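> run-v2.cif is reproduced in full below (mmCIF, C-alpha atoms).
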```cif
data_structure
#
loop_
_atom_site.group_PDB
_atom_site.id
_atom_site.type_symbol
_atom_site.label_atom_id
_atom_site.label_comp_id
_atom_site.auth_asym_id
_atom_site.auth_seq_id
_atom_site.Cartn_x
_atom_site.Cartn_y
_atom_site.Cartn_z
ATOM 1 C CA MET A 3 69.405 93.530 103.667
ATOM 2 C CA THR A 4 72.267 92.292 105.847
ATOM 3 C CA THR A 5 75.852 92.733 104.726
ATOM 4 C CA GLU A 6 78.097 89.741 104.178
ATOM 5 C CA ALA A 7 81.269 91.710 104.915
ATOM 6 C CA PHE A 8 83.688 89.983 107.267
ATOM 7 C CA VAL A 9 86.930 90.624 109.126
ATOM 8 C CA GLY A 10 89.936 88.325 109.027
ATOM 9 C CA ASN A 11 90.155 84.726 107.872
ATOM 10 C CA VAL A 12 92.333 85.654 104.869
ATOM 11 C CA PHE A 13 95.707 83.917 104.853
ATOM 12 C CA LEU A 14 98.854 83.875 102.691
ATOM 13 C CA TRP A 15 100.324 80.475 101.865
ATOM 14 C CA ARG A 16 103.817 79.995 100.354
ATOM 15 C CA GLN A 17 104.811 76.938 98.354
ATOM 16 C CA ARG A 18 107.532 74.839 99.959
ATOM 17 C CA ASP A 19 110.626 73.726 98.108
ATOM 18 C CA GLY A 20 110.703 70.100 97.021
ATOM 19 C CA SER A 21 108.174 67.471 96.158
ATOM 20 C CA PRO A 22 105.326 66.751 96.665
ATOM 21 C CA THR A 23 103.784 70.201 96.249
ATOM 22 C CA ALA A 24 102.804 71.630 99.611
ATOM 23 C CA PHE A 25 102.144 75.096 101.016
ATOM 24 C CA ASP A 26 102.907 76.643 104.409
ATOM 25 C CA ARG A 27 100.728 79.334 105.965
ATOM 26 C CA VAL A 28 102.600 82.556 106.737
ATOM 27 C CA CYS A 29 100.989 83.270 110.118
ATOM 28 C CA GLN A 30 102.920 86.505 110.724
ATOM 29 C CA VAL A 31 101.048 88.309 107.906
ATOM 30 C CA PHE A 32 98.603 91.022 108.937
ATOM 31 C CA GLY A 33 98.141 92.845 105.632
ATOM 32 C CA ILE A 34 97.919 91.949 101.943
ATOM 33 C CA SER A 35 97.343 94.685 99.379
ATOM 34 C CA GLY A 36 97.326 94.782 95.616
ATOM 35 C CA LEU A 37 96.281 91.209 94.783
ATOM 36 C CA GLY A 38 94.871 91.419 91.275
ATOM 37 C CA ALA A 39 95.429 91.819 87.562
ATOM 38 C CA LEU A 40 95.156 94.750 85.192
ATOM 39 C CA ASN A 41 94.550 94.477 81.450
ATOM 40 C CA SER A 42 96.689 96.726 79.306
ATOM 41 C CA LEU A 43 94.855 99.273 77.191
ATOM 42 C CA ILE A 44 95.287 99.165 73.424
ATOM 43 C CA ASP A 45 94.249 102.107 71.287
ATOM 44 C CA ALA A 46 92.126 100.714 68.442
ATOM 45 C CA THR A 47 91.096 104.091 67.004
ATOM 46 C CA THR A 48 90.641 104.242 63.225
ATOM 47 C CA PHE A 49 89.718 106.949 60.719
ATOM 48 C CA CYS A 50 86.138 105.666 61.046
ATOM 49 C CA SER A 51 85.963 106.094 64.829
ATOM 50 C CA GLY A 52 83.831 109.221 64.508
ATOM 51 C CA GLY A 53 86.156 111.627 66.297
ATOM 52 C CA SER A 54 86.466 109.576 69.498
ATOM 53 C CA ARG A 55 89.191 107.198 70.574
ATOM 54 C CA GLU A 56 88.290 103.506 70.836
ATOM 55 C CA TYR A 57 90.073 100.960 72.992
ATOM 56 C CA ILE A 58 90.299 97.238 73.489
ATOM 57 C CA GLY A 59 91.687 95.290 76.410
ATOM 58 C CA GLY A 60 95.147 93.849 75.936
ATOM 59 C CA LEU A 61 97.240 91.356 77.827
ATOM 60 C CA ALA A 62 96.545 90.948 81.520
ATOM 61 C CA ASP A 63 99.392 91.895 83.807
ATOM 62 C CA GLY A 64 99.577 90.829 87.428
ATOM 63 C CA VAL A 65 99.973 93.781 89.727
ATOM 64 C CA GLU A 66 102.700 94.503 92.231
ATOM 65 C CA MET A 67 101.501 93.598 95.700
ATOM 66 C CA SER A 68 102.640 94.197 99.259
ATOM 67 C CA VAL A 69 102.579 91.706 102.093
ATOM 68 C CA GLU A 70 103.017 93.102 105.609
ATOM 69 C CA ALA A 71 104.076 90.830 108.446
ATOM 70 C CA ASN A 72 105.117 91.026 112.058
ATOM 71 C CA TYR A 73 108.873 90.547 112.109
ATOM 72 C CA GLU A 74 109.651 87.580 114.335
ATOM 73 C CA THR A 75 113.331 86.640 114.546
ATOM 74 C CA GLY A 76 112.507 82.954 115.080
ATOM 75 C CA ALA A 77 110.131 82.663 112.102
ATOM 76 C CA ALA A 78 111.985 80.546 109.538
ATOM 77 C CA ILE A 79 109.357 81.237 106.853
ATOM 78 C CA LEU A 80 110.174 84.975 106.937
ATOM 79 C CA ASP A 81 113.870 84.161 106.439
ATOM 80 C CA GLN A 82 112.888 81.890 103.542
ATOM 81 C CA MET A 83 110.886 84.724 101.964
ATOM 82 C CA MET A 84 113.918 87.031 102.307
ATOM 83 C CA ASP A 85 116.044 84.274 100.715
ATOM 84 C CA ASP A 86 113.540 84.227 97.817
ATOM 85 C CA VAL A 87 114.205 87.944 97.287
ATOM 86 C CA ASP A 88 117.976 87.435 97.419
ATOM 87 C CA ALA A 89 117.685 84.619 94.858
ATOM 88 C CA LYS A 90 115.352 86.684 92.614
ATOM 89 C CA ALA A 91 113.007 83.694 92.841
ATOM 90 C CA THR A 92 109.577 83.224 91.343
ATOM 91 C CA ARG A 93 107.478 81.407 93.937
ATOM 92 C CA ASN A 94 103.935 80.002 93.983
ATOM 93 C CA PHE A 95 101.576 81.536 96.532
ATOM 94 C CA GLU A 96 97.954 81.192 97.518
ATOM 95 C CA VAL A 97 95.703 83.649 99.278
ATOM 96 C CA ARG A 98 92.945 81.665 100.944
ATOM 97 C CA VAL A 99 89.707 83.224 102.148
ATOM 98 C CA GLU A 100 88.605 80.828 104.862
ATOM 99 C CA ASP A 101 85.293 82.463 105.713
ATOM 100 C CA GLY A 102 82.572 79.929 105.020
ATOM 101 C CA SER A 103 82.572 76.868 102.860
ATOM 102 C CA PRO A 104 84.140 76.263 100.477
ATOM 103 C CA THR A 105 87.401 78.114 101.025
ATOM 104 C CA ARG A 106 88.050 80.615 98.226
ATOM 105 C CA VAL A 107 91.590 80.326 96.802
ATOM 106 C CA PHE A 108 93.537 82.815 94.701
ATOM 107 C CA ALA A 109 96.596 80.942 93.356
ATOM 108 C CA PHE A 110 99.431 82.692 91.533
ATOM 109 C CA ALA A 111 103.160 82.783 90.873
ATOM 110 C CA ALA A 112 105.035 85.893 91.929
ATOM 111 C CA VAL A 113 108.519 87.276 91.467
ATOM 112 C CA CYS A 114 109.925 88.073 94.906
ATOM 113 C CA LEU A 115 111.103 91.656 94.342
ATOM 114 C CA GLY A 116 112.011 93.014 97.726
ATOM 115 C CA TYR A 117 111.652 93.239 101.462
ATOM 116 C CA THR A 118 111.851 96.156 103.852
ATOM 117 C CA LEU A 119 112.449 95.761 107.569
ATOM 118 C CA ASN A 120 110.462 98.355 109.544
ATOM 119 C CA PRO A 121 111.926 98.553 113.072
ATOM 120 C CA SER A 122 110.189 100.683 115.667
ATOM 121 C CA VAL A 123 111.012 101.966 119.108
ATOM 122 C CA ASP A 124 107.402 102.181 120.289
ATOM 123 C CA ASP A 125 105.453 99.778 118.059
ATOM 124 C CA ARG A 126 105.823 96.258 116.722
ATOM 125 C CA ASN A 127 108.655 95.521 114.309
ATOM 126 C CA THR A 128 107.397 94.587 110.863
ATOM 127 C CA VAL A 129 108.676 93.485 107.474
ATOM 128 C CA THR A 130 107.059 94.327 104.144
ATOM 129 C CA PHE A 131 107.537 92.050 101.128
ATOM 130 C CA THR A 132 106.990 93.252 97.555
ATOM 131 C CA LEU A 133 105.788 90.656 95.050
ATOM 132 C CA LYS A 134 105.016 91.009 91.323
ATOM 133 C CA ILE A 135 102.391 88.583 90.097
ATOM 134 C CA SER A 136 103.619 86.690 87.036
ATOM 135 C CA GLY A 137 101.044 84.994 84.826
ATOM 136 C CA ALA A 138 97.383 84.418 85.561
ATOM 137 C CA ILE A 139 95.655 84.322 88.932
ATOM 138 C CA THR A 140 93.568 81.171 89.284
ATOM 139 C CA ARG A 141 90.426 81.550 91.403
ATOM 140 C CA SER A 142 88.734 78.489 92.845
#
```
Would it be possible to restate this file's structure as structure tokens?


Amino acid sequence: MTTEAFVGNVFLWRQRDGSPTAFDRVCQVFGISGLGALNSLIDATTFCSGGSREYIGGLADGVEMSVEANYETGAAILDQMMDDVDAKATRNFEVRVEDGSPTRVFAFAAVCLGYTLNPSVDDRNTVTFTLKISGAITRS
């Protein structure tokens, strides 16, 4: 059997301000980690549980994710993402997997929690954004 693993073709898109709704691709991104949701765990143990704990899934909670990007001083979209952090904004994002047809889209809102500039003397300069997914992730 041949694997269907692939490299690349996964992109972050950020919703623009204003109307109509439109998204811009954040081309500087080279790493996205932590995209997902985690259901809380609720203890449903009773006196009739036979000596073992029993659990049920609770409310889903979007995870905290990191987005790593090359820091380019002329990239307005990176400044806009830093402005989102400063404004404590909740912004709509999409992660699009553009490998094959149709494109797979993970759409979500995220609170823009922070950014960290990572300067280097002997490597590329990068910036890491921290986002907290708020609400459900829609897959299409």

> Identify which of the residues A:Glu66, A:Asp124, A:Asp101, A:Glu96 lies closest to Gly38 (chain A), counting only C-alpha atoms when measuring atom-to-atom distances.

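Among the listed residues, the smallest separation from Gly38 (chain A) belongs to A:Glu66.
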
> At a cut-off of 8 Å, using only C-alpha atoms, what residues contact Glu100 (chain A)? Leave out same-chain residues fewer than 6 positions from it and give the result as a ChimeraX atom specification.

/A:11-13,106

> Selected residues, C-alpha atoms, written as a short mmCIF file (atom, residue, chain, number, x, y, z; two decimals), in the frame of the given file, please.


```
data_model
loop_
_atom_site.label_atom_id
_atom_site.label_comp_id
_atom_site.auth_asym_id
_atom_site.auth_seq_id
_atom_site.Cartn_x
_atom_site.Cartn_y
_atom_site.Cartn_z
CA ASN A 11 90.16 84.73 107.87
CA VAL A 12 92.33 85.65 104.87
CA PHE A 13 95.71 83.92 104.85
CA ARG A 106 88.05 80.61 98.23
#
```

> May I have the residues at most 12 Å from (112.2, 87.7, 99.7) in the file's coordinates, counting only C-alpha atoms, as a PyMOL selection string?

chain A and resi 16+68-69+79-93+112-119+129-134

> So what do you get for CA of Gly33 (chain A) versus CA of Thr5 (chain A), distance-wise?

22.3 Å

> With distances taken over all atoms listed in the file, which of A:Gly52, A:Gly137, A:Gly10, A:Gly20 is nearest to Ile34 (chain A)?

A:Gly10

> CA of Phe110 (chain A) and CA of Met67 (chain A) are how many Å apart?

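Between CA of Phe110 (chain A) and CA of Met67 (chain A) the gap works out to 11.9 Å.
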
> Could you tell me which of A:Val9, A:Leu37, A:Cys29, A:Ala71 comes closest to Ala109 (chain A) if we count all atoms listed in the file?

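Answer, going by the shortest atom-to-atom distance: A:Leu37.
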
> Counting all atoms listed in the file, what is within 7 Å of Glu56 (chain A), bar same-chain residues fewer than 6 positions away, as a PyMOL selection string?

chain A and resi 45-47

> Put those residues in a file: C-alpha atoms, as a compact mmCIF listing (two decimals), keeping the file's coordinate frame.


```txt
# COMPACT_ATOMS: atom_id res chain seq x y z
CA ASP A 45 94.25 102.11 71.29
CA ALA A 46 92.13 100.71 68.44
CA THR A 47 91.10 104.09 67.00
```

> When distances are computed from all atoms listed in the file, which of A:Thr75, A:Asn120, A:Asn41, A:Ser142 shows the smallest separation from Leu61 (chain A)?

A:Asn41

> In Å, how far is it from CA of Ile44 (chain A) to CA of Ile135 (chain A)?

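CA of Ile135 (chain A) lies 21.0 Å from CA of Ile44 (chain A).
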
> For this file, the PyMOL selection byres ((chain A and resi 39) around 8) selects which residues, as a PyMOL selection string?

chain A and resi 37-38+40-41+62-65+138-139

> Step by step, gather every atom of region 19-34 of chain A that the file lists, find the box along x, y and z that holds them, add 4 Å on each side, and finally give centre and edge lengths in Å to one decimal, as AutoDock Vina command-line options.


```
--center_x 104.3 --center_y 79.8 --center_z 103.4 --size_x 20.8 --size_y 34.1 --size_z 22.6
```

> For each of A:Thr4, A:Ser51, A:Asn94, A:Asn72, take the minimum atom-to-atom distance to Asp26 (chain A), counting all atoms listed in the file, then give the residue where this is smallest.

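For Asp26 (chain A), the nearest of the candidates is A:Asn94.
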
> Let me make sure I understand: among A:Gly59, A:Gly53, A:Leu43, A:Phe95, which one has the smallest atom-to-atom distance to Arg27 (chain A) if we use only C-alpha atoms?

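Answer, going by the shortest atom-to-atom distance: A:Phe95.
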
> May I have the protein, DNA and RNA residues with any atom at most 6 Å from the point (106.4, 85.7, 114.9), counting only C-alpha atoms, written as an mmCIF file with C-alpha atoms, in the coordinates of the input?


```
data_model
loop_
_atom_site.group_PDB
_atom_site.id
_atom_site.type_symbol
_atom_site.label_atom_id
_atom_site.label_comp_id
_atom_site.auth_asym_id
_atom_site.auth_seq_id
_atom_site.Cartn_x
_atom_site.Cartn_y
_atom_site.Cartn_z
ATOM 1 C CA GLN A 30 102.920 86.505 110.724
ATOM 2 C CA GLU A 74 109.651 87.580 114.335
ATOM 3 C CA ALA A 77 110.131 82.663 112.102
#
```
